[in-house]
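Have a look at upload.cif; it's mmCIF, C-alpha atoms and all ligand atoms:
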```
data_entry
#
loop_
_atom_site.label_atom_id
_atom_site.label_comp_id
_atom_site.auth_asym_id
_atom_site.auth_seq_id
_atom_site.Cartn_x
_atom_site.Cartn_y
_atom_site.Cartn_z
CA MET W 1 -153.61 -39.74 68.23
CA ASN W 2 -154.63 -38.12 71.47
CA GLN W 3 -152.24 -35.28 72.09
CA ASN W 4 -154.47 -33.29 74.39
CA GLU W 5 -152.16 -33.58 77.33
CA GLN W 6 -149.00 -32.82 75.41
CA VAL W 7 -149.93 -30.08 72.98
CA LEU W 8 -150.98 -26.58 73.94
CA ILE W 9 -151.07 -25.09 70.48
CA GLU W 10 -150.76 -26.41 66.97
CA TRP W 11 -149.79 -24.57 63.81
CA GLU W 12 -152.66 -23.62 61.54
CA GLU W 13 -152.44 -22.19 58.03
CA ARG W 14 -154.26 -19.06 59.17
CA PHE W 15 -151.14 -18.15 61.20
CA SER W 16 -149.11 -17.83 58.00
CA VAL W 17 -147.76 -14.35 57.24
CA GLY W 18 -146.93 -15.47 53.69
CA ILE W 19 -143.14 -15.39 54.08
CA PRO W 20 -141.73 -18.94 54.43
CA VAL W 21 -138.65 -17.98 56.44
CA ILE W 22 -140.81 -16.26 59.06
CA ASP W 23 -143.54 -18.91 59.02
CA SER W 24 -141.15 -21.75 59.63
CA GLN W 25 -139.59 -19.94 62.59
CA HIS W 26 -143.06 -19.24 63.98
CA LYS W 27 -143.80 -22.97 63.67
CA GLN W 28 -140.65 -23.66 65.64
CA LEU W 29 -141.74 -21.14 68.29
CA LEU W 30 -145.00 -23.04 68.72
CA ILE W 31 -143.08 -26.32 69.00
CA THR W 32 -140.90 -24.74 71.69
CA THR W 33 -144.00 -23.48 73.52
CA ASN W 34 -145.39 -27.03 73.45
CA GLU W 35 -142.13 -28.36 74.86
CA LEU W 36 -142.39 -25.94 77.75
CA TYR W 37 -145.98 -26.98 78.24
CA LYS W 38 -144.90 -30.61 78.32
CA ALA W 39 -142.27 -29.76 80.92
CA CYS W 40 -145.10 -28.34 83.06
CA GLN W 41 -146.60 -31.84 83.29
CA PHE W 42 -143.65 -33.17 85.28
CA GLY W 43 -143.57 -33.42 89.07
CA THR W 44 -142.03 -30.57 91.03
CA GLU W 45 -138.37 -31.63 91.03
CA LEU W 46 -138.28 -32.74 87.41
CA LEU W 47 -140.27 -29.68 86.42
CA LYS W 48 -137.57 -27.47 87.87
CA VAL W 49 -134.78 -29.17 85.94
CA GLN W 50 -136.66 -29.61 82.69
CA PHE W 51 -138.38 -26.27 82.69
CA LYS W 52 -135.20 -24.38 83.45
CA LYS W 53 -133.40 -25.96 80.52
CA THR W 54 -136.30 -25.63 78.10
CA ALA W 55 -137.04 -22.05 79.13
CA ARG W 56 -133.46 -20.94 78.44
CA ASP W 57 -133.55 -22.69 75.05
CA ALA W 58 -136.85 -20.99 74.31
CA VAL W 59 -135.45 -17.56 75.13
CA ALA W 60 -132.44 -18.23 72.88
CA TYR W 61 -134.70 -19.27 70.02
CA VAL W 62 -137.01 -16.28 70.46
CA LYS W 63 -133.98 -13.97 70.31
CA TYR W 64 -132.74 -15.70 67.16
CA HIS W 65 -136.16 -15.37 65.57
CA PHE W 66 -136.48 -11.70 66.47
CA SER W 67 -133.04 -10.99 65.06
CA THR W 68 -134.09 -12.67 61.80
CA GLU W 69 -137.17 -10.49 61.53
CA GLU W 70 -135.22 -7.39 62.48
CA GLN W 71 -132.56 -8.07 59.85
CA ILE W 72 -135.28 -8.47 57.25
CA MET W 73 -136.93 -5.22 58.36
CA GLU W 74 -133.62 -3.36 58.21
CA LYS W 75 -132.70 -4.72 54.79
CA THR W 76 -136.08 -3.87 53.34
CA ALA W 77 -136.36 -0.44 54.99
CA TYR W 78 -139.61 -1.42 56.69
CA PRO W 79 -141.28 1.82 57.81
CA GLU W 80 -142.67 0.36 61.04
CA ILE W 81 -139.43 -1.15 62.21
CA ALA W 82 -139.16 0.96 65.40
CA ALA W 83 -142.56 -0.06 66.76
CA HIS W 84 -142.00 -3.70 65.80
CA LYS W 85 -138.60 -3.82 67.49
CA LYS W 86 -140.07 -2.22 70.61
CA HIS W 87 -142.67 -4.97 70.74
CA HIS W 88 -139.89 -7.57 70.57
CA ALA W 89 -137.74 -5.85 73.19
CA GLU W 90 -140.59 -5.58 75.71
CA PHE W 91 -141.39 -9.23 75.27
CA ILE W 92 -137.79 -10.34 75.80
CA GLN W 93 -137.58 -8.18 78.92
CA LYS W 94 -140.73 -9.68 80.40
CA VAL W 95 -139.77 -13.26 79.55
CA LEU W 96 -136.26 -12.89 80.92
CA LYS W 97 -137.66 -11.46 84.15
CA ASP W 98 -140.10 -14.37 84.50
CA VAL W 99 -137.44 -16.99 83.78
CA THR W 100 -135.03 -15.38 86.25
CA ASP W 101 -137.79 -15.27 88.89
CA PHE W 102 -138.39 -18.95 88.31
CA GLU W 103 -134.70 -19.75 88.62
CA ASN W 104 -134.50 -17.78 91.86
CA GLY W 105 -137.46 -19.65 93.31
CA LYS W 106 -139.71 -16.60 93.31
CA ASN W 107 -143.43 -16.79 92.84
CA PHE W 108 -143.87 -18.22 89.37
CA VAL W 109 -146.60 -20.36 87.81
CA PRO W 110 -145.17 -22.32 84.83
CA ASN W 111 -148.60 -23.07 83.38
CA GLN W 112 -149.52 -19.40 83.37
CA PHE W 113 -146.19 -18.48 81.83
CA VAL W 114 -146.65 -20.97 78.98
CA ARG W 115 -150.14 -19.71 78.27
CA PHE W 116 -148.85 -16.15 78.27
CA LEU W 117 -146.21 -17.20 75.70
CA ARG W 118 -148.80 -18.81 73.47
CA ASP W 119 -151.14 -15.82 73.63
CA TRP W 120 -148.33 -13.36 72.99
CA ILE W 121 -146.98 -15.28 69.99
CA LEU W 122 -150.42 -15.64 68.41
CA SER W 123 -151.40 -12.02 68.90
CA HIS W 124 -147.98 -10.80 67.74
CA ILE W 125 -148.30 -12.87 64.57
CA ALA W 126 -151.82 -11.63 63.94
CA MET W 127 -151.28 -7.94 64.72
CA VAL W 128 -147.63 -7.17 64.08
CA ASP W 129 -145.96 -9.84 61.93
CA ASN W 130 -148.85 -9.97 59.49
CA LYS W 131 -148.29 -6.31 58.64
CA LEU W 132 -144.63 -7.05 57.98
CA GLY W 133 -145.66 -10.05 55.87
CA ASP W 134 -147.99 -7.87 53.77
CA TYR W 135 -145.22 -5.33 53.23
CA LEU W 136 -142.76 -8.03 52.12
CA ILE W 137 -145.30 -9.66 49.81
CA GLU W 138 -145.85 -6.29 48.11
CA LEU W 139 -142.08 -5.90 47.66
CA GLN W 140 -141.93 -9.40 46.27
CA LYS W 141 -144.70 -8.67 43.75
CA SER W 142 -142.88 -5.62 42.50
CA GLY W 143 -139.66 -7.63 42.20
CA LYS W 144 -137.88 -5.51 44.82
CA LEU W 145 -137.35 -8.30 47.32
CA GLY W 146 -134.21 -10.25 46.55
CA LYS W 147 -133.07 -13.31 48.41
CA ILE W 148 -133.29 -12.67 52.10
CA SER W 149 -129.92 -13.41 53.57
CA MET W 150 -130.24 -14.79 57.07
CA LYS W 151 -126.58 -14.59 57.88
CA LYS W 152 -125.51 -12.73 60.94
CA GLN W 153 -124.16 -9.36 60.02
CA SER W 154 -121.40 -9.02 62.55
CA GLY W 155 -119.09 -11.04 64.70
CA THR W 156 -118.16 -14.57 63.79
CA GLU W 157 -120.35 -15.28 60.84
CA LYS W 158 -121.33 -18.92 60.84
CA GLN W 159 -122.16 -20.83 57.71
CA MET W 160 -125.78 -21.74 57.33
CA VAL W 161 -126.83 -25.38 57.25
CA LEU W 162 -130.41 -26.27 56.34
CA ALA W 163 -131.26 -29.67 57.79
CA ILE W 164 -134.38 -31.34 56.34
CA ASP W 165 -135.78 -34.39 58.06
CA ASP W 166 -139.28 -35.34 59.15
CA SER W 167 -137.89 -36.66 62.42
CA LYS W 168 -137.62 -33.96 65.02
CA THR W 169 -135.23 -36.14 67.03
CA GLN W 170 -132.87 -36.33 64.08
CA LEU W 171 -133.02 -32.56 63.58
CA THR W 172 -132.29 -31.91 67.24
CA LEU W 173 -129.37 -34.32 67.02
CA LEU W 174 -127.93 -32.62 63.94
CA LYS W 175 -128.26 -29.23 65.58
CA SER W 176 -126.46 -30.45 68.68
CA ILE W 177 -123.52 -32.00 66.82
CA LEU W 178 -122.92 -28.98 64.61
CA PRO W 179 -122.45 -26.07 67.03
CA GLN W 180 -119.95 -24.44 64.68
CA TYR W 181 -122.71 -23.88 62.12
CA ASP W 182 -125.92 -21.94 62.11
CA VAL W 183 -128.22 -24.95 61.76
CA TYR W 184 -131.68 -24.18 60.52
CA THR W 185 -134.05 -27.14 60.79
CA CYS W 186 -137.11 -27.97 58.75
CA GLU W 187 -139.45 -30.94 59.14
CA SER W 188 -141.29 -30.28 55.89
CA PRO W 189 -139.46 -30.70 52.57
CA ILE W 190 -142.10 -28.55 50.89
CA ASN W 191 -141.44 -25.67 53.28
CA ALA W 192 -137.72 -26.32 52.85
CA LEU W 193 -138.05 -25.73 49.10
CA GLU W 194 -139.55 -22.33 49.77
CA ILE W 195 -136.92 -21.55 52.37
CA VAL W 196 -134.04 -22.44 50.09
CA GLN W 197 -135.53 -20.20 47.42
CA ASN W 198 -135.57 -17.28 49.83
CA MET W 199 -132.48 -17.78 51.93
CA ASP W 200 -128.77 -17.99 51.30
CA VAL W 201 -128.08 -21.51 52.49
CA ASP W 202 -124.50 -22.78 52.47
CA ILE W 203 -125.40 -26.46 52.50
CA ILE W 204 -128.42 -28.75 52.77
CA LEU W 205 -128.50 -31.95 54.83
CA LEU W 206 -131.27 -34.06 53.38
CA ASP W 207 -133.15 -37.10 54.64
CA LEU W 208 -134.53 -39.53 52.05
CA ALA W 209 -137.57 -41.24 53.55
CA MET W 210 -140.06 -38.45 54.17
CA GLU W 211 -143.80 -38.79 53.72
CA GLU W 212 -144.58 -35.35 52.34
CA MET W 213 -141.93 -35.50 49.60
CA ASN W 214 -139.03 -37.91 49.53
CA GLY W 215 -135.42 -36.79 49.32
CA PHE W 216 -135.03 -37.94 45.72
CA ASP W 217 -137.90 -35.72 44.58
CA PHE W 218 -136.49 -32.85 46.58
CA LEU W 219 -133.12 -33.32 44.87
CA LYS W 220 -134.74 -33.45 41.44
CA LYS W 221 -136.55 -30.19 42.13
CA ILE W 222 -133.55 -28.21 43.29
CA ARG W 223 -131.20 -29.57 40.64
CA ALA W 224 -133.73 -28.59 37.98
CA ASP W 225 -133.86 -25.04 39.33
CA LEU W 226 -131.28 -22.77 37.72
CA LYS W 227 -130.79 -20.74 40.89
CA LEU W 228 -130.48 -23.74 43.19
CA ARG W 229 -128.63 -26.28 41.12
CA ASN W 230 -125.32 -25.47 42.78
CA VAL W 231 -126.43 -25.57 46.39
CA PRO W 232 -124.34 -28.27 48.11
CA VAL W 233 -126.37 -31.24 49.36
CA ILE W 234 -125.41 -34.12 51.63
CA VAL W 235 -127.93 -36.94 51.91
CA ILE W 236 -128.13 -38.41 55.41
CA SER W 237 -130.24 -41.53 55.39
CA GLY W 238 -130.98 -44.70 57.29
CA ASN W 239 -131.44 -46.48 53.95
CA SER W 240 -127.84 -46.94 52.97
CA PHE W 241 -128.39 -49.62 50.33
CA GLU W 242 -126.19 -49.43 47.28
CA GLN W 243 -129.15 -48.35 45.15
CA HIS W 244 -130.06 -45.44 47.43
CA ILE W 245 -126.51 -44.17 47.43
CA LYS W 246 -126.29 -44.45 43.65
CA THR W 247 -129.63 -42.77 43.01
CA SER W 248 -128.80 -39.92 45.43
CA LEU W 249 -125.51 -39.23 43.70
CA ASN W 250 -127.04 -39.55 40.23
CA LEU W 251 -129.70 -37.01 41.17
CA GLY W 252 -127.05 -34.53 42.19
CA ALA W 253 -126.26 -35.15 45.87
CA ASP W 254 -122.63 -34.34 46.65
CA GLU W 255 -122.24 -36.93 49.36
CA PHE W 256 -124.12 -39.71 51.08
CA ILE W 257 -123.80 -40.42 54.80
CA ALA W 258 -125.50 -43.31 56.60
CA LYS W 259 -127.43 -42.56 59.78
CA PRO W 260 -126.39 -42.06 62.47
CA ALA W 261 -123.93 -39.51 61.15
CA ARG W 262 -120.66 -39.35 63.10
CA PRO W 263 -119.98 -35.72 64.04
CA ASP W 264 -116.35 -35.71 62.84
CA GLU W 265 -117.23 -37.36 59.53
CA LEU W 266 -120.15 -35.03 59.00
CA VAL W 267 -118.16 -31.86 59.67
CA GLN W 268 -115.36 -33.06 57.40
CA LYS W 269 -117.78 -33.80 54.55
CA ILE W 270 -119.61 -30.48 55.00
CA LYS W 271 -116.31 -28.63 54.66
CA GLN W 272 -115.23 -30.68 51.65
CA VAL W 273 -118.51 -30.31 49.80
CA ILE W 274 -118.79 -26.55 50.37
CA ARG W 275 -115.19 -26.11 49.22
CA LYS W 276 -115.77 -28.20 46.12
CA ARG W 277 -118.99 -26.44 45.13
CA LYS W 278 -117.83 -22.93 45.86
CA GLY W 279 -114.43 -23.49 44.32
FE FE E 301 -142.17 -9.98 65.08
#
```
Translate this file's structure into structure tokens.
Amino acid sequence: MNQNEQVLIEWEERFSVGIPVIDSQHKQLLITTNELYKACQFGTELLKVQFKKTARDAVAYVKYHFSTEEQIMEKTAYPEIAAHKKHHAEFIQKVLKDVTDFENGKNFVPNQFVRFLRDWILSHIAMVDNKLGDYLIELQKSGKLGKISMKKQSGTEKQMVLAIDDSKTQLTLLKSILPQYDVYTCESPINALEIVQNMDVDIILLDLAMEEMNGFDFLKKIRADLKLRNVPVIVISGNSFEQHIKTSLNLGADEFIAKPARPDELVQKIKQVIRKRKG
């Protein structure tokens, strides 16, 4: 597949800091950077519309990601938290200024901006996040790192939904129809397994047909894990044959919903299942 025109940067294993929660958000940051890059390929008028929307989404995601890292640093008493936070704050300030300049029609070169984003993310991962990763891995080895709770610490605390599907379109859709939840998306079921082992997830929305590992195998794995056997799971699949429904439920899914999921039905089932599991 020739993606040269569409992709500015792709995830490589060498970018891993060894902490799945952080890695998967970094992957998402690279996806967002690619989306901005794609928006740069449009003609002037479309570029304005598309870039404006994507840039604001990107800023929101970057803030979310930074707050995740900062919560982790606070909870684990990371000694270099001040310098790390400063790095984040300066970046947000610069990006917000650039995006505002763009919105106000000031001198702004989208292509340059996207390349700046890419370079910043990669050097931040290599220089700053890697140090944090090493610190957390040491804590983990000595058994001092418990589950990292990703929940917001103040304000209206949203429940956390982990959506696993190898279709990015489906994940974007789920995120958009569940604004009342903190929806965390994952395209790789293998990464999702690591995430669920390290995060307090309130419910999992699980696709069945995935190349890397199908939903049935994912279900088997978490139901066989003492710590994860009670995590609520709703299977959302395009294969709604009797046998798929039966197998999903037999393997420990709490509910089965056929794609496309209707927002009202989905929200109702999420509430029911969480209530049932948590008692
Ligand atoms: Fe960071």
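Residue nearest ligand FE 301 (chain E) within the list W:Ile236, W:Ile9, W:Leu47, W:Ile121: W:Ile121 [criterion: smallest interatomic distance, all atoms listed in the file].
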### Task
For ligand FE 301 (chain E), list the contacting residues at 12 Å or closer, counting all atoms listed in the file, as a VMD selection string.
chain W and resid 17 22 to 23 25 to 26 29 62 to 73 80 to 92 120 to 133
### Message
For a test of reading the model, state the distance in Å between atom CA of W:Val59 and atom CA of W:Ser176, rounded to one decimal.
### Response
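Computing the Euclidean distance for atom CA of W:Val59 and atom CA of W:Ser176 yields 17.0 Å.
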### Query
Closest to W:Leu145 among W:Ala77, W:Gln159, W:Gln243, W:Gln41, using all atoms listed in the file?
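Looking only at the distances to W:Leu145, the closest residue turns out to be W:Ala77.
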### Message
Taking only C-alpha atoms into account, name the residue in W:Lys259, W:Arg223, W:Lys271, W:Lys144 that is nearest to W:Tyr181.
### Response
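Among the listed residues, the smallest separation from W:Tyr181 belongs to W:Lys271.
If only C-alpha atoms are the atoms counted, then among W:Tyr78, W:Thr44, W:Arg115, W:Ser24 the closest residue to W:Leu8 is W:Arg115.
Among the candidates W:Leu208, W:Gln28, W:Phe15, W:Pro20, the residue lying nearest to W:Glu194 is W:Pro20 (atoms considered: only C-alpha atoms).
Of note, atom CA of W:Lys52 and atom CA of W:Val183 are spaced 22.8 Å apart.
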### Task
Calculate how many Å separate atom CA of W:Asp217 from atom CA of W:Leu251, rounding to one decimal.
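That distance, rounded to one decimal, is 9.0 Å.
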Centre, edges in Å (one decimal): axis-aligned box, stretch 252-259 of chain W, 5 Å padding on all six sides, as AutoDock Vina command-line options:
```
--center_x -124.8 --center_y -38.8 --center_z 51.0 --size_x 15.2 --size_y 19.0 --size_z 27.6
```
### Query
Which residues, protein or nucleic acid, reach to within 9 Å of (-144.5, -17.9, 78.8) in the file's coordinates when using only C-alpha atoms, and can you give that as a list in words?
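The distance filter leaves exactly Thr33, Leu36, Ala55, Val95, Asp98, Val99, Pro110, Asn111, Gln112, Phe113, Val114, Arg115, Phe116, Leu117, Arg118, Asp119 and Trp120 of chain W.
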Would you export the selected residues with C-alpha atoms as a short mmCIF file (atom, residue, chain, number, x, y, z; two decimals), keeping the file's coordinate frame, please?
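Result written to out_5.cif:
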```cif
data_model
loop_
_atom_site.label_atom_id
_atom_site.label_comp_id
_atom_site.auth_asym_id
_atom_site.auth_seq_id
_atom_site.Cartn_x
_atom_site.Cartn_y
_atom_site.Cartn_z
CA THR W 33 -144.00 -23.48 73.52
CA LEU W 36 -142.39 -25.94 77.75
CA ALA W 55 -137.04 -22.05 79.13
CA VAL W 95 -139.77 -13.26 79.55
CA ASP W 98 -140.10 -14.37 84.50
CA VAL W 99 -137.44 -16.99 83.78
CA PRO W 110 -145.17 -22.32 84.83
CA ASN W 111 -148.60 -23.07 83.38
CA GLN W 112 -149.52 -19.40 83.37
CA PHE W 113 -146.19 -18.48 81.83
CA VAL W 114 -146.65 -20.97 78.98
CA ARG W 115 -150.14 -19.71 78.27
CA PHE W 116 -148.85 -16.15 78.27
CA LEU W 117 -146.21 -17.20 75.70
CA ARG W 118 -148.80 -18.81 73.47
CA ASP W 119 -151.14 -15.82 73.63
CA TRP W 120 -148.33 -13.36 72.99
#
```
### Message
Taking 5 positions as the minimum chain separation for residues in the same chain, which residues sit within 10 Å of W:Arg275 when counting all atoms listed in the file? Answer as a list in words.
### Response
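Once the adjacent positions are removed, what remains is Pro232, Lys269 and Ile270 of chain W.
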What would the file look like if the residues just selected were written as a short mmCIF file (atom, residue, chain, number, x, y, z; two decimals), in the frame of the given file with C-alpha atoms?
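The result, stored in out_33.cif:
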```
data_model
loop_
_atom_site.label_atom_id
_atom_site.label_comp_id
_atom_site.auth_asym_id
_atom_site.auth_seq_id
_atom_site.Cartn_x
_atom_site.Cartn_y
_atom_site.Cartn_z
CA PRO W 232 -124.34 -28.27 48.11
CA LYS W 269 -117.78 -33.80 54.55
CA ILE W 270 -119.61 -30.48 55.00
#
```
### Task
Using all atoms listed in the file, find the one residue out of W:Met213, W:Ile31, W:Val235, W:Ile177 that sits nearest to W:Asp264.
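Using all atoms listed in the file, W:Asp264 sits closest to W:Ile177.
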